[in-house]
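Engineer: Provided herewith: structure_17.cif, mmCIF, C-alpha atoms.
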```cif
data_structure
loop_
_atom_site.label_atom_id
_atom_site.label_comp_id
_atom_site.auth_asym_id
_atom_site.auth_seq_id
_atom_site.Cartn_x
_atom_site.Cartn_y
_atom_site.Cartn_z
CA MET Y 18 -109.96 97.98 -60.98
CA ALA Y 19 -107.76 95.99 -58.67
CA GLU Y 20 -106.55 97.48 -55.42
CA GLU Y 21 -102.92 97.43 -56.61
CA ALA Y 22 -103.82 99.27 -59.80
CA ARG Y 23 -105.61 101.97 -57.88
CA GLN Y 24 -102.62 102.50 -55.64
CA GLU Y 25 -100.46 103.10 -58.69
CA ILE Y 26 -102.48 106.16 -59.66
CA LYS Y 27 -101.23 109.18 -57.81
CA ALA Y 28 -103.91 111.83 -57.42
CA ASP Y 29 -103.05 115.51 -57.11
CA GLN Y 30 -106.32 116.21 -55.36
CA LYS Y 31 -109.05 114.16 -53.68
CA ILE Y 32 -112.69 115.08 -53.20
CA ASN Y 33 -115.49 113.36 -51.32
CA LEU Y 34 -118.85 113.36 -53.10
CA GLU Y 35 -120.46 110.68 -50.96
CA GLY Y 36 -124.13 111.29 -50.24
CA LEU Y 37 -124.45 113.94 -52.95
CA LEU Y 38 -126.91 113.54 -55.80
CA CYS Y 39 -127.22 114.88 -59.35
CA PRO Y 40 -126.23 117.52 -60.47
CA ILE Y 41 -123.76 118.17 -57.63
CA PRO Y 42 -121.15 115.43 -58.34
CA VAL Y 43 -120.59 116.50 -61.95
CA VAL Y 44 -120.51 120.18 -60.93
CA ARG Y 45 -117.98 119.57 -58.15
CA VAL Y 46 -115.79 117.46 -60.47
CA SER Y 47 -115.82 120.16 -63.13
CA GLN Y 48 -114.86 122.78 -60.53
CA ALA Y 49 -112.10 120.64 -59.01
CA VAL Y 50 -110.59 119.75 -62.39
CA LYS Y 51 -110.39 123.44 -63.30
CA ASN Y 52 -108.14 123.93 -60.29
CA LEU Y 53 -105.70 121.26 -61.48
CA ALA Y 54 -102.82 121.88 -63.83
CA VAL Y 55 -103.17 120.22 -67.26
CA GLY Y 56 -102.13 116.59 -66.75
CA GLY Y 57 -103.23 116.68 -63.12
CA ILE Y 58 -105.31 113.89 -61.64
CA LEU Y 59 -108.40 114.17 -59.47
CA GLU Y 60 -109.58 111.31 -57.28
CA ALA Y 61 -113.18 111.28 -56.13
CA THR Y 62 -115.43 109.00 -54.12
CA ALA Y 63 -119.19 109.04 -54.60
CA THR Y 64 -122.30 107.05 -53.69
CA ASP Y 65 -124.69 108.28 -56.41
CA PRO Y 66 -124.80 105.49 -59.05
CA GLY Y 67 -125.57 108.27 -61.57
CA VAL Y 68 -121.87 109.16 -61.66
CA LEU Y 69 -121.14 105.86 -63.46
CA ALA Y 70 -122.74 107.34 -66.59
CA ASP Y 71 -122.44 111.06 -65.85
CA ILE Y 72 -118.72 111.38 -65.22
CA PRO Y 73 -117.64 109.60 -68.46
CA ALA Y 74 -120.19 111.74 -70.39
CA TRP Y 75 -118.84 114.88 -68.73
CA ALA Y 76 -115.28 113.84 -69.62
CA ARG Y 77 -116.22 113.20 -73.29
CA SER Y 78 -117.97 116.57 -73.51
CA THR Y 79 -115.21 118.59 -71.91
CA GLY Y 80 -112.24 116.74 -73.42
CA ASN Y 81 -110.94 115.27 -70.20
CA GLU Y 82 -110.28 111.62 -69.35
CA VAL Y 83 -111.66 109.17 -66.81
CA ILE Y 84 -108.60 106.99 -66.25
CA ALA Y 85 -110.24 104.59 -63.81
CA MET Y 86 -113.61 103.96 -62.21
CA ASN Y 87 -114.36 101.30 -59.66
CA ARG Y 88 -117.44 100.37 -57.66
CA ASP Y 89 -116.89 98.71 -54.33
CA GLY Y 90 -120.22 98.13 -52.64
CA LYS Y 91 -121.87 101.54 -52.31
CA ILE Y 92 -118.68 103.50 -52.85
CA ILE Y 93 -117.67 104.48 -56.36
CA THR Y 94 -114.10 105.68 -56.77
CA PHE Y 95 -112.91 107.35 -59.94
CA PHE Y 96 -109.89 109.17 -61.28
CA VAL Y 97 -110.11 112.01 -63.78
CA LYS Y 98 -107.17 113.45 -65.66
CA ARG Y 99 -107.28 117.02 -66.87
CA LEU Y 100 -106.31 116.99 -70.54
CA LYS Y 101 -106.92 120.63 -71.45
CA MET L 22 -118.27 134.08 -69.92
CA GLU L 23 -115.37 131.94 -71.15
CA THR L 24 -116.16 128.30 -71.81
CA GLU L 25 -113.89 125.42 -72.72
CA THR L 26 -116.19 123.91 -75.32
CA GLY L 27 -117.71 126.97 -77.02
CA ARG L 28 -121.13 125.35 -76.71
CA LYS L 29 -124.17 127.23 -75.52
CA ALA L 30 -127.55 126.49 -73.96
CA THR L 31 -130.65 128.63 -73.53
CA LEU L 32 -133.31 127.87 -70.94
CA ILE L 33 -136.60 129.74 -71.11
CA VAL L 34 -138.27 129.40 -67.71
CA LEU L 35 -141.98 130.21 -67.88
CA SER L 36 -143.10 128.05 -64.97
CA GLY L 37 -142.83 128.95 -61.31
CA ASP L 38 -143.65 125.38 -60.22
CA PHE L 39 -141.30 123.79 -57.74
CA GLU L 40 -140.43 120.71 -59.82
CA LYS L 41 -139.98 122.65 -63.07
CA LEU L 42 -137.67 125.16 -61.41
CA PHE L 43 -135.82 122.22 -59.92
CA ALA L 44 -135.38 120.72 -63.39
CA ALA L 45 -134.38 124.10 -64.86
CA PHE L 46 -131.63 124.76 -62.30
CA THR L 47 -130.40 121.16 -62.45
CA ILE L 48 -130.02 121.39 -66.23
CA ALA L 49 -128.49 124.87 -66.01
CA THR L 50 -125.83 123.87 -63.45
CA GLY L 51 -125.21 120.60 -65.27
CA SER L 52 -124.76 122.41 -68.60
CA ALA L 53 -122.32 124.86 -67.03
CA ALA L 54 -120.38 121.92 -65.58
CA MET L 55 -120.29 120.38 -69.07
CA GLY L 56 -118.44 123.48 -70.23
CA MET L 57 -121.38 125.32 -71.79
CA GLU L 58 -122.24 129.00 -71.62
CA VAL L 59 -125.78 129.08 -70.24
CA MET L 60 -128.52 131.69 -70.38
CA MET L 61 -131.64 131.41 -68.24
CA PHE L 62 -134.48 133.66 -69.40
CA PHE L 63 -137.20 133.99 -66.76
CA THR L 64 -140.64 134.99 -67.91
CA PHE L 65 -144.10 135.22 -66.32
CA TRP L 66 -144.45 132.75 -63.41
CA GLY L 67 -140.79 131.85 -63.80
CA ILE L 68 -139.83 135.29 -62.45
CA ARG L 69 -140.52 133.89 -58.97
CA ALA L 70 -137.19 132.06 -59.28
CA ILE L 71 -135.22 135.35 -59.30
CA LYS L 72 -137.48 137.45 -57.10
CA LYS L 73 -136.65 138.63 -53.58
CA ASP L 74 -139.08 137.83 -50.77
CA VAL L 75 -140.95 141.10 -51.26
CA ARG L 76 -144.50 142.28 -51.99
CA THR L 77 -144.82 143.63 -55.53
CA GLY L 78 -147.38 145.63 -57.49
CA LYS L 79 -148.65 149.19 -57.70
CA SER L 80 -152.23 149.04 -59.04
CA LEU L 81 -155.03 147.06 -57.38
CA PHE L 82 -154.58 144.10 -59.73
CA GLY L 83 -150.80 144.38 -59.53
CA ARG L 84 -150.92 144.21 -55.76
CA MET L 85 -153.33 141.26 -55.95
CA VAL L 86 -150.80 139.41 -58.10
CA GLY L 87 -148.15 140.46 -55.60
CA VAL L 88 -150.10 138.86 -52.76
CA LEU L 89 -151.11 135.71 -54.65
CA GLU L 90 -147.61 135.28 -56.09
CA GLY L 91 -145.93 136.43 -52.88
CA GLY L 92 -142.61 135.14 -51.67
CA ASP L 93 -139.42 134.09 -53.37
CA ILE L 94 -138.05 130.84 -54.84
CA ASN L 95 -138.59 129.10 -51.50
CA LYS L 96 -142.36 129.58 -51.86
CA ALA L 97 -142.59 127.72 -55.17
CA ASN L 98 -145.29 125.04 -54.96
CA PRO L 99 -145.29 121.74 -56.84
CA SER L 100 -147.83 121.54 -59.68
CA LYS L 101 -149.39 118.49 -58.01
CA TYR L 102 -150.19 117.95 -54.32
CA GLY L 103 -150.35 121.66 -53.57
CA PHE L 104 -152.54 121.33 -50.46
CA LEU L 105 -151.90 124.94 -49.38
CA GLY L 106 -148.15 124.45 -49.08
CA MET L 107 -148.23 120.89 -47.73
CA GLY L 108 -146.83 119.45 -50.94
CA ARG L 109 -143.99 121.96 -50.90
CA TRP L 110 -143.18 121.08 -47.30
CA MET L 111 -143.36 117.34 -48.02
CA PHE L 112 -141.14 117.47 -51.10
CA LYS L 113 -138.59 119.68 -49.38
CA LYS L 114 -138.44 117.26 -46.47
CA MET L 115 -138.14 114.23 -48.77
CA MET L 116 -135.41 115.88 -50.81
CA LYS L 117 -133.54 116.99 -47.71
CA ASN L 118 -133.66 113.44 -46.33
CA LYS L 119 -132.08 112.21 -49.55
CA ASN L 120 -129.52 115.01 -49.47
CA VAL L 121 -130.72 116.56 -52.74
CA ALA L 122 -129.70 120.21 -53.11
CA GLN L 123 -132.43 122.73 -52.28
CA LEU L 124 -133.76 125.03 -55.01
CA GLU L 125 -132.11 128.11 -53.55
CA ASP L 126 -128.76 126.28 -53.27
CA LEU L 127 -129.02 125.22 -56.91
CA ARG L 128 -129.69 128.83 -57.92
CA LYS L 129 -126.67 129.97 -55.89
CA LEU L 130 -124.57 127.29 -57.58
CA ALA L 131 -125.82 128.36 -61.02
CA ILE L 132 -124.77 131.95 -60.28
CA GLU L 133 -121.40 130.73 -58.99
CA LEU L 134 -120.89 128.79 -62.23
CA GLY L 135 -121.55 131.92 -64.27
CA VAL L 136 -125.01 131.03 -65.61
CA GLY L 137 -126.54 134.20 -67.06
CA MET L 138 -129.78 135.24 -65.35
CA TYR L 139 -132.12 137.38 -67.43
CA ALA L 140 -135.62 138.62 -66.66
CA CYS L 141 -138.31 139.22 -69.27
CA GLN L 142 -139.00 142.97 -69.33
CA THR L 143 -142.59 142.61 -70.56
CA SER L 144 -143.55 140.12 -67.84
CA MET L 145 -142.15 142.51 -65.26
CA GLU L 146 -144.22 145.40 -66.66
CA VAL L 147 -147.40 143.30 -66.73
CA MET L 148 -146.92 141.90 -63.24
CA GLU L 149 -145.64 145.24 -61.90
CA ILE L 150 -142.34 143.84 -60.70
CA SER L 151 -139.39 146.26 -60.63
CA ARG L 152 -135.67 145.54 -61.00
CA THR L 153 -135.20 146.15 -57.27
CA ASP L 154 -137.70 143.34 -56.55
CA LEU L 155 -135.26 140.92 -58.23
CA ILE L 156 -132.13 139.46 -56.67
CA ASP L 157 -128.99 141.52 -57.31
CA GLU L 158 -127.32 138.71 -59.29
CA VAL L 159 -129.75 139.10 -62.22
CA ASN L 160 -127.60 140.18 -65.18
CA ASP L 161 -130.22 142.25 -66.99
CA THR L 162 -133.87 142.67 -67.92
CA VAL L 163 -134.26 142.02 -71.63
CA GLY L 164 -136.73 141.19 -74.37
CA VAL L 165 -137.37 138.31 -76.71
CA GLY L 166 -134.81 139.52 -79.26
CA TYR L 167 -131.90 139.30 -76.87
CA MET L 168 -132.97 135.84 -75.75
CA LEU L 169 -133.49 134.62 -79.34
CA GLU L 170 -130.05 135.81 -80.41
CA HIS L 171 -128.61 133.54 -77.73
CA ALA L 172 -131.03 130.73 -78.63
CA GLN L 173 -129.91 130.84 -82.28
CA GLN L 174 -126.31 130.33 -81.21
CA SER L 175 -127.25 127.59 -78.75
CA ASP L 176 -126.80 123.85 -79.10
CA PHE L 177 -130.12 123.38 -77.35
CA THR L 178 -132.93 125.58 -76.12
CA LEU L 179 -135.43 124.42 -73.55
CA PHE L 180 -138.82 125.87 -72.73
CA ILE L 181 -139.71 124.97 -69.16
#
```
For this file, produce the structure as structure tokens.
Structural biologist:
Amino acid sequence: MAEEARQEIKADQKINLEGLLCPIPVVRVSQAVKNLAVGGILEATATDPGVLADIPAWARSTGNEVIAMNRDGKIITFFVKRLK
Amino acid sequence: METETGRKATLIVLSGDFEKLFAAFTIATGSAAMGMEVMMFFTFWGIRAIKKDVRTGKSLFGRMVGVLEGGDINKANPSKYGFLGMGRWMFKKMMKNKNVAQLEDLRKLAIELGVGMYACQTSMEVMEISRTDLIDEVNDTVGVGYMLEHAQQSDFTLFI
């Protein structure tokens, strides 16, 4: 995802998951998304490469949407939209 | 417990080994995060995971088990490299250095996420462990029937 594209997404909440390993990132994302209104967007940064597979799988299972995911060096930034 | 997906998971935890408890609580918290309603059924050595740091047992043998199986979740030893607690110490240190959640933290998180904690009544009778020896957050002490009812409704059941 290009820098400009990322700036276009306006997150309602941001969380920092850097340094945390499985299963904590997926747990924290699930908890944070529950606190959003439907349609709300969560932005998260993480360093565990496991989130690249885990967060999309979590979204498919729970009926939410990963609208963007970008890896820049060690930092992985992703945006999740609460759909229901 | 209300879940978004209506899916369920049952985890039967027989082992009290450090790495198996670690796997059990990782899967339990992960499943809860995935929107599942989770039941953990602790039996035999697995009861260590929900026990307070207390001495248990009434009879001679019961008290012996209480001494040999003394301590709570923090005293769980890995199945390999036991070395009288050295392995436990080493793994805890390695995991802490890598910022992996500790077993007790994972259990706390599981409880926070609404994972159901159930103890096997028969194991408790055999090992002479009473309800007051278990952490307060344990939902109930039940038998195989109660666990199997949940297992039948579950999308997966794991025996750990």
Engineer: Give as JSON, numbers by chain the residues that the PyMOL selection byres ((chain Y) within 8 of (chain L)) matches when applied to the coordinates above.
Structural biologist: {"Y": [36, 37, 38, 39, 40, 41, 43, 44, 47, 48, 75, 78, 79]}
Engineer: For L:Ser36, work out the shell of residues within 9 Å, counting all atoms listed in the file and skipping chain neighbours fewer than 6 positions away, then give it as a PDB file with C-alpha atoms, keeping the file's coordinate frame.
Structural biologist:
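So the final result, stored in result-v9.pdb, reads:
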```pdb
ATOM      1  CA  LEU L  42    -137.670 125.160 -61.410  1.00  0.00           C
ATOM      2  CA  PHE L  63    -137.200 133.990 -66.760  1.00  0.00           C
ATOM      3  CA  THR L  64    -140.640 134.990 -67.910  1.00  0.00           C
ATOM      4  CA  PHE L  65    -144.100 135.220 -66.320  1.00  0.00           C
ATOM      5  CA  TRP L  66    -144.450 132.750 -63.410  1.00  0.00           C
ATOM      6  CA  GLY L  67    -140.790 131.850 -63.800  1.00  0.00           C
ATOM      7  CA  ILE L  68    -139.830 135.290 -62.450  1.00  0.00           C
ATOM      8  CA  ARG L  69    -140.520 133.890 -58.970  1.00  0.00           C
ATOM      9  CA  ILE L 181    -139.710 124.970 -69.160  1.00  0.00           C
TER      10      ILE L 181
END
```
Engineer: Go through the shown structure with the PyMOL selection byres ((chain Y and resi 87-93) around 10) and write out the matching residues as a VMD selection string.
Structural biologist: chain Y and resid 18 to 20 23 34 to 36 61 to 66 68 to 69 85 to 86 94 to 96
Engineer: Work out how far atom CA of L:Asp93 is from atom CA of L:Asp154, in Å to one decimal.
Structural biologist: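 If I compute the distance from atom CA of L:Asp154 to atom CA of L:Asp93, I get 9.9 Å.
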Engineer: What lies within 7 Å of Y:Val83 using all atoms listed in the file, ignoring chain neighbours under 6 positions off, as a list in words?
Structural biologist: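 These residues fall inside the cut-off: Pro73, Ala76, Phe96, Val97 and Lys98 of chain Y.
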Engineer: Pick out the closest residue to Y:Ile72 from this set: Y:Ile32, Y:Leu59, Y:Val46, Y:Leu53. Count only C-alpha atoms.
Structural biologist: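 Selected residue with least distance to Y:Ile72: Y:Val46.
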Engineer: Find, counting only C-alpha atoms, the residue in L:Leu89, L:Ala70, L:Val163, L:Ala140 that gets nearest to L:Phe43.
Structural biologist: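 Distance minimum relative to L:Phe43 lands on L:Ala70.
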Engineer: Tell me which protein, DNA and RNA residues are within 6 Å of L:Gly83, counting only C-alpha atoms, leaving out same-chain ones fewer than 3 positions away, and put them as number ranges by chain.
Structural biologist: L: 78-80, 86, 148-149
Engineer: Suppose we keep C-alpha atoms; can you now write the selection as a compact mmCIF listing (two decimals), keeping the file's coordinate frame?
Structural biologist:
```txt
# COMPACT_ATOMS: atom_id res chain seq x y z
CA GLY L 78 -147.38 145.63 -57.49
CA LYS L 79 -148.65 149.19 -57.70
CA SER L 80 -152.23 149.04 -59.04
CA VAL L 86 -150.80 139.41 -58.10
CA MET L 148 -146.92 141.90 -63.24
CA GLU L 149 -145.64 145.24 -61.90
```
Engineer: Could you write out as a PyMOL selection string the residues that the PyMOL selection byres ((chain L and resi 151) around 10) matches in the shown file?
Structural biologist: chain L and resi 72+77-78+142+145-146+148-150+152-155+162
Engineer: Can you write out the residues you just picked, keeping C-alpha atoms, as a compact mmCIF listing (two decimals), in the coordinates of the input?
Structural biologist:
```txt
# COMPACT_ATOMS: atom_id res chain seq x y z
CA LYS L 72 -137.48 137.45 -57.10
CA THR L 77 -144.82 143.63 -55.53
CA GLY L 78 -147.38 145.63 -57.49
CA GLN L 142 -139.00 142.97 -69.33
CA MET L 145 -142.15 142.51 -65.26
CA GLU L 146 -144.22 145.40 -66.66
CA MET L 148 -146.92 141.90 -63.24
CA GLU L 149 -145.64 145.24 -61.90
CA ILE L 150 -142.34 143.84 -60.70
CA ARG L 152 -135.67 145.54 -61.00
CA THR L 153 -135.20 146.15 -57.27
CA ASP L 154 -137.70 143.34 -56.55
CA LEU L 155 -135.26 140.92 -58.23
CA THR L 162 -133.87 142.67 -67.92
```
Engineer: Have a look at atom CA of Y:Arg45 and atom CA of L:Gln173 and let me know their distance in Å, one decimal.
Structural biologist: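 Separating atom CA of Y:Arg45 from atom CA of L:Gln173 is a distance of 29.2 Å.
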Engineer: Restricting the calculation to all atoms listed in the file, which member of L:Gly27, L:Gly87, L:Gly37, L:Gly106 is positioned closest to L:Gln174?
Structural biologist: L:Gly27
Engineer: Would you compute the distance between atom CA of L:Ile33 and atom CA of L:Phe180? Give it in Å to one decimal.
Structural biologist: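 Going from atom CA of L:Ile33 over to atom CA of L:Phe180, I get 4.7 Å.
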Engineer: Under the rule that all atoms listed in the file are counted, which of Y:Glu60, Y:Pro42, Y:Val55, Y:Ile84 is the nearest residue to Y:Asp29?
Structural biologist: Y:Glu60
Engineer: Give the answer as one residue: which of L:Asp157, L:Gly135, L:Lys41, L:Met61 has the shortest atom-to-atom distance to L:Lys101, using all atoms listed in the file?
Structural biologist: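 Looking only at the distances to L:Lys101, the closest residue turns out to be L:Lys41.
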Engineer: Show which residues sit within 7 Å of Y:Leu100, as a PDB file with C-alpha atoms, keeping the file's coordinate frame. Count only C-alpha atoms, and ignore same-chain residues fewer than 3 positions away.
Structural biologist:
```pdb
ATOM      1  CA  VAL Y  55    -103.170 120.220 -67.260  1.00  0.00           C
ATOM      2  CA  GLY Y  56    -102.130 116.590 -66.750  1.00  0.00           C
ATOM      3  CA  GLY Y  80    -112.240 116.740 -73.420  1.00  0.00           C
ATOM      4  CA  ASN Y  81    -110.940 115.270 -70.200  1.00  0.00           C
ATOM      5  CA  GLU Y  82    -110.280 111.620 -69.350  1.00  0.00           C
TER       6      GLU Y  82
END
```
Engineer: Identify which of the residues L:Met138, L:Lys96, L:Leu35, L:Phe62 lies closest to L:Gly166, counting all atoms listed in the file when measuring atom-to-atom distances.
Structural biologist: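 Closest to L:Gly166, using all atoms listed in the file: L:Phe62.
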